[in-house]
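Everything on this sheet refers to the single structure shown next.
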There are 2 protein chains.
Amino acid sequence: MASERPTITTVAERARVSRQTVSNVLNAPHRVQPETMARVNAAISELGYRPHRAARQLRTHRSNLIAMRMAPFSEDDAGSVLDRFVHAVAESGERLGFRTLVFTATDDDDEIAGYTDLLNSYELDAFVLTGTHHRDLRTSWLRRQGVPFVTFGRPWGVRAKHWWVDVDGKAGTAIATERLLAAGHRRIGFIGWPVGSGVGDDRRSGWELSLRAAGLDPSRLVVTGENTVAEGYRCAVELVTEHGAEALVCVSDTLALGALAMIRDRVSRGGAIMPVIGFDDSPGAAALGLTTIAQPLREAAATCVRLLTDYLDNGTENTDKANHHVLLAPNLVIRSSG
Amino acid sequence: MASERPTITTVAERARVSRQTVSNVLNAPHRVQPETMARVNAAISELGYRPHRAARQLRTHRSNLIAMRMAPFSEDDAGSVLDRFVHAVAESGERLGFRTLVFTATDDDDEIAGYTDLLNSYELDAFVLTGTHHRDLRTSWLRRQGVPFVTFGRPWGVRAKHWWVDVDGKAGTAIATERLLAAGHRRIGFIGWPVGSGVGDDRRSGWELSLRAAGLDPSRLVVTGENTVAEGYRCAVELVTEHGAEALVCVSDTLALGALAMIRDRVSRGGAIMPVIGFDDSPGAAALGLTTIAQPLREAAATCVRLLTDYLDNGTENTDKANHHVLLAPNLVIRSSG
DNA sequence: CGCAACGATTTGAACGATCAAATGACGAAG
DNA sequence: CTTCGTCATTTGATCGTTCAAATCGTTGCG
C-alpha cells in the first residue's frame with residue numbers, strides 16, 4: 001500500500017538529474033539552474049520527499065536538535081514558568097528548523113552527565129540552560145568543551161563570559177512600585193527571598209531604587225522568607241502590623257499569594273484593602289486575580305533560539321558582544337489585587 | 001587536546017577484534033565469549049566510546065526517540081498537569097534508553113502535520129498523545145499509518161482500539177465524596193463542566209454514584225460552568241445558597257479555587273466553614289491549601305513508556321488486551337480545605 | 001586556433017553503524 | 001579419517017546523505 005519512502009536517488013531519477021543536484025537544490029540553490037531546480041522541486045513534491053535527518057547528520061555532524069533540561073517537579077510556581085519556557089523554545093525552534101529534545105536531571109552534575117551522552121550519542125547542536133546560579137558548574141563545563149549554549153538567566157556572580165538572555169527583574173519591580181506610588185501609596189513593603197540569590201537581589205533592587213527615587217526610605221520595609229505561601233502570609237503580617245506597610249510588592253507569586261490571603265483575611269475582619277503585586281504570572285496568580293509582573297517568555301525563547309543560530313552559523317568569532325547579552329523588559333499584568 | 005571521537009572501529013582495533021564483534025557486545029552479548037567481551041568492554045570504557053545514534057538509526061530505522069506535543073499555553077491549571085506529564089515521560093523514557101522530543105501544534109490537523117515530518121525526517125519510534133477527545137482525528141490517522149502510539153487518556157466515545165493509560169476520574173471523585181460522607185455531610189454538591197466532555201462526565205459519575213450508594217439523591221446538587229475561577233465562584237454561590245449544599249466536590253482545581261474563594265468570603269461574613277475538594281493537584285491548589293485529587297503522573301508516564309516498548313518489541317500481535325488498557329487510581333491530597 | 005577559466009552537473013568516496021553471508025576452529029558422528 | 005554441524009568471529013555490502021574531485025560544455029581572450 002504505502003510505497004517505499006522516497007530517497008534522494010528516487011527524486012534524482014524522476015527529475016533526470018544526479019543525486020548531488022538534488023542535494024544542491026536543497027542546500028546550495030545558487031549552484032543550480034532555474035529550470036533544473038524547477039524540475040527537481042516538482043519531483044520532490046510529487047514524491048513527498050523529505051531528507052532523512054540521520055543520514056544527513058552522519059555526514060554533516062549536525063543534528064538540528066537542541067536540548068533543554070526540564071525543571072524538576074516542584075511545588076512552587078517557578079516550575080510552571082520554566083515549563084512554559086520549554087514550550088516556547090520548542091515553538092521558536094521549529095520555526096528555524098530545530099527540534100527540541102528534553103531531558104531530566106536531579107542536579108548540576110547529573111545534568112552534565114546528560115550533556116555528555118547527548119553530545120556523544122546524538123550530536124546535539126546546542127543547549128538552552130535555565131536557572132543559572134552562583135558558581136554554575138554547567139556553564140564552565142560547556143565552555144570548556146566548546147559546546148554552543150545560551151542561558152535563560154544571567155550568569156550571577158562572575159562576569160558574563162557566555163551568551164545569555166534574561167528578564168530585567170529590577171525593571172519589573174520598579175514598574176510595580178511606581179504604579180503603587182502613582183496610586184498615592186508611600187509605605188510600600190517588599191517581601192523578598194533571603195539575600196544572596198541573584199534573581200531575588202535583583203528584583204529587590206528595583207523596588208528599593210524606586211522608593212529612593214521618590215525620596216522615600218526603604219529600610220524597615222523589607223522582610224524575607226523562603227518561597228512558600230505560608231511564609232508570604234507571615235511576611236505580610238510582619239510588614240503590615242509591625243512596620244505599617246500600606247502596599248506590597250513581592251519577589252514571587254508564591255509569596256504574593258500568601259500576602260494576598262493575609263490581606264483578604266484582614267479585610268474580612270474590617271481592615272482596609274491593600275494592593276499586592278507578585279512576580280511571574282503563574283497559573284495561581286491568574287486564578288486568584290493577583291496583579292503580577294509577567295516575563296515575556298515567548299520573546300525570551302525566540303531570542304535564545306536566535307542567539308543559538310547566530311552562534312552555530314558564525315561561531316563565537318566576529319561577534320558584537322552587545323547583541324549577545326539580551327535583557328528583556330517584563331510587563332505588568334493588572335488584575336484585581338493591585 | 002580533545003582527541004577524535006572514538007568509533008566502533010577504534011574500539012575494535014584496541015580490543016584486537018573486528019567491528020562486528022564490538023557491535024555484538026552491544027547488541028547481542030550472547031554471541032560473544034566472556035573473555036572477548038571483557039576485552040571489548042575494557043576498550044569501550046577506556047576510550048569512552050558511545051555508539052553514534054545517527055549511524056545506527058540509518059541502518060536500523062530506529063531512532064530511540066519518542067515525541068509528544070506540548071499543550072498550548074493556557075491560563076488554566078490543566079496545562080500544568082500536562083507539562084508535568086511531559087517531564088515524567090522524559091524521565092521514564094531515559095531509563096529505557098529513549099529520548100523525548102517535544103513539538104507544538106495549534107490543533108489536531110496541525111499536530112498530524114507534525115507527525116508526518118517527524119516520521120519522515122526523524123523516524124520517530126513512537127508517540128505519546130495527551131488530551132484525547134471525542135472524534136479524535138489523530139488516533140485514527142496514526143492507526144491508519146501503523147505508527148506505534150499510546151494515549152494518556154481513554155478514547156472517549158468509540159470503543160478502545162488503541163493502547164491507552166488513564167487515570168480513573170470516577171474513582172477519584174468517589175474517594176472525595178466518601179471522605180465528605182464519612183465526615184457526616186449529606187448535601188454534597190458537585191461543580192462540573194457542561195455535559196459532553198468525556199473527562200468531565202466521568203468525574204461527575206463518581207460523585208453521583210457515591211451519593212446514590214449512600215442512599216442520597218444527587219439531583220439539584222450539580223451545577224456546571226466553564227473552567228474558570230469566576231465560574232467556580234458563581235457555581236458555589238448557586239449550590240450553597242439555592243440548593244443548600246454543605247460540602248463541595250469539583251471537577252477541576254480551577255473551579256474549586258473559585259468555590260474556595262466563595263466559601264472563605266462567606267466565612268468572613270460569619271458563615272459556616274465548608275469543605276471543598278478539587279481535582280488535579282495544580283500548583284494553585286498547593287499554594288492555597290486546597291484538598292484535591294492528584295493524578296499519579298509519574299506512574300502514568302512510566303506505564304505509557306512501558307506500553308510503547310512492549311509495542312515496539314513485540315508489535316501489536318500476540319498481545320494480551322487487558323494489559324494495554326491501564327486505568328490508574330488517583331489519590332487524595334489532603335490539605336486545609338477539606 | 002588553442003587554451004584557460006568558469007559554471008552546471010555528475011561520479012566516487014565517506015560518515016559510523018548493522019545485516020547477511022563467509023570463514024575458521026573444534027568436536028561429534030559416521 | 002572424513003564430514004558435518006555448531007559456535008565465535010570476520011568480511012563485504014549497505015542505509016541516505018554530503019563532500020571533494022572529476023567531467024562536460026561554453027565562453028573569453030591572446
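Each chain in the C-alpha cells gets a letter, A, B, ..., in the order shown, and its residues are numbered from 1; ligands are numbered from 1 in order too.
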What residues in chain A lie within 7 Å of chain C, counting only C-alpha atoms (C1' of nucleotides), written as an MDAnalysis selection string?
-> chainID A and resid 18 21 32 58:59
Expected answer as a VMD selection string: chain B residues within 12 Å of chain D, only C-alpha atoms (C1' of nucleotides) | chain B and resid 12 16 to 25 29 to 37 54 to 62 121
Could the residues of chain A within 8 Å of chain B, counting only C-alpha atoms, be given as JSON, numbers by chain, please?
-> {"A": [5, 50, 51, 52, 53, 54, 55, 57, 58, 70, 72, 73, 75, 76, 77, 80, 83, 84, 87, 90, 91, 94, 99, 100, 101, 102, 103, 104, 117, 120, 121, 122, 228, 229, 254, 257, 258, 265, 268, 269, 283, 284, 285, 286, 287, 288]}
If you measure from atom CA of A:Arg234 to atom CA of A:Gly192, what distance in Å do you get, rounded to one decimal?
-> 12.0 Å
Taking the backbone alone, and naming residues the way the document does, which bits of stretch 38-209 of chain A are strand (DSSP E or B) by DSSP, as a VMD selection string?
-> chain A and resid 65 to 69 99 to 103 126 to 130 149 to 152 164 to 167 188 to 192
Enumerate as JSON, numbers by chain all residues of stretch 49-206 of chain B assigned to alpha helix (DSSP H) by DSSP on the backbone, naming them with the chain letters and numbers the document uses.
-> {"B": [53, 54, 55, 56, 57, 58, 59, 60, 78, 79, 80, 81, 82, 83, 84, 85, 86, 87, 88, 89, 90, 91, 92, 93, 94, 95, 108, 109, 110, 111, 112, 113, 114, 115, 116, 117, 137, 138, 139, 140, 141, 142, 143, 144, 145, 169, 170, 171, 172, 173, 174, 175, 176, 177, 178, 179, 180, 181, 182, 198, 199, 200, 201, 202, 203, 204, 205, 206]}
Calculate how many Å separate atom CA of A:Ile175 from atom CA of A:Val128, rounding to one decimal.
->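 Distance between the two atoms: 28.5 Å.
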Distance query B:Asp136 at most 10 Å, only C-alpha atoms (C1' of nucleotides), self and fewer than 4 positions along chain excluded, as a PyMOL selection string | chain B and resi 108+131-132+140-141+155-158
Would you write out those residues with C-alpha atoms, as a compact mmCIF listing (two decimals), in the first residue's frame?
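That gives us part36.txt:
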# COMPACT_ATOMS: atom_id res chain seq x y z
CA ASP B 108 -5.29 18.28 15.60
CA GLY B 131 -5.88 15.19 25.72
CA THR B 132 -7.91 12.61 23.88
CA SER B 140 -7.34 7.28 13.62
CA TRP B 141 -4.62 8.80 11.47
CA PRO B 155 -10.63 7.10 23.74
CA TRP B 156 -13.95 8.70 24.55
CA GLY B 157 -16.95 7.79 22.51
CA VAL B 158 -15.83 4.95 20.33
With a distance cut-off of 10 Å and only C-alpha atoms (C1' of nucleotides), select the neighbouring residues of A:Thr173, excluding the residue or stretch itself and same-chain residues fewer than 3 positions from it, and output the selection as a list in words.
-> Asp168, Gly169, Lys170, Ala176, Thr177, Glu178, Arg179, Phe190, Asp202, Arg203, Arg204, Ser205, Gly206, Trp207, Glu208, Leu209, Ser210, Val249, Cys250, Val251, Ile277, Gly278, Phe279, Thr292, Ile293, Pro330, Asn331 and Leu332 of chain A
Using C-alpha atoms, can you export the residues from the last selection as a PDB file, in the first residue's frame?
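Full text of part-v7.pdb as output:
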ATOM      1  CA  ASP A 168      15.010  42.510  33.845  1.00  0.00           C
ATOM      2  CA  GLY A 169      13.674  41.748  37.278  1.00  0.00           C
ATOM      3  CA  LYS A 170      14.767  45.093  38.615  1.00  0.00           C
ATOM      4  CA  ALA A 176       5.188  47.689  40.095  1.00  0.00           C
ATOM      5  CA  THR A 177       6.477  50.043  42.739  1.00  0.00           C
ATOM      6  CA  GLU A 178       5.877  53.069  40.571  1.00  0.00           C
ATOM      7  CA  ARG A 179       2.330  52.017  39.938  1.00  0.00           C
ATOM      8  CA  PHE A 190       8.745  44.294  49.843  1.00  0.00           C
ATOM      9  CA  ASP A 202      17.970  41.917  41.504  1.00  0.00           C
ATOM     10  CA  ARG A 203      14.237  42.077  41.937  1.00  0.00           C
ATOM     11  CA  ARG A 204      14.544  43.708  45.307  1.00  0.00           C
ATOM     12  CA  SER A 205      16.797  46.423  43.964  1.00  0.00           C
ATOM     13  CA  GLY A 206      14.093  47.643  41.581  1.00  0.00           C
ATOM     14  CA  TRP A 207      11.707  48.265  44.427  1.00  0.00           C
ATOM     15  CA  GLU A 208      14.389  49.871  46.546  1.00  0.00           C
ATOM     16  CA  LEU A 209      15.613  52.242  43.859  1.00  0.00           C
ATOM     17  CA  SER A 210      12.105  53.346  43.013  1.00  0.00           C
ATOM     18  CA  VAL A 249       5.477  44.171  46.182  1.00  0.00           C
ATOM     19  CA  CYS A 250       6.647  40.561  46.261  1.00  0.00           C
ATOM     20  CA  VAL A 251       9.574  38.741  44.749  1.00  0.00           C
ATOM     21  CA  ILE A 277       1.761  42.688  43.376  1.00  0.00           C
ATOM     22  CA  GLY A 278       3.519  39.407  42.607  1.00  0.00           C
ATOM     23  CA  PHE A 279       6.083  38.220  40.118  1.00  0.00           C
ATOM     24  CA  THR A 292       1.769  40.384  38.812  1.00  0.00           C
ATOM     25  CA  ILE A 293       4.834  41.005  36.713  1.00  0.00           C
ATOM     26  CA  PRO A 330       8.814  42.395  31.805  1.00  0.00           C
ATOM     27  CA  ASN A 331       5.334  43.801  31.883  1.00  0.00           C
ATOM     28  CA  LEU A 332       2.712  44.267  34.499  1.00  0.00           C
TER      29      LEU A 332
END
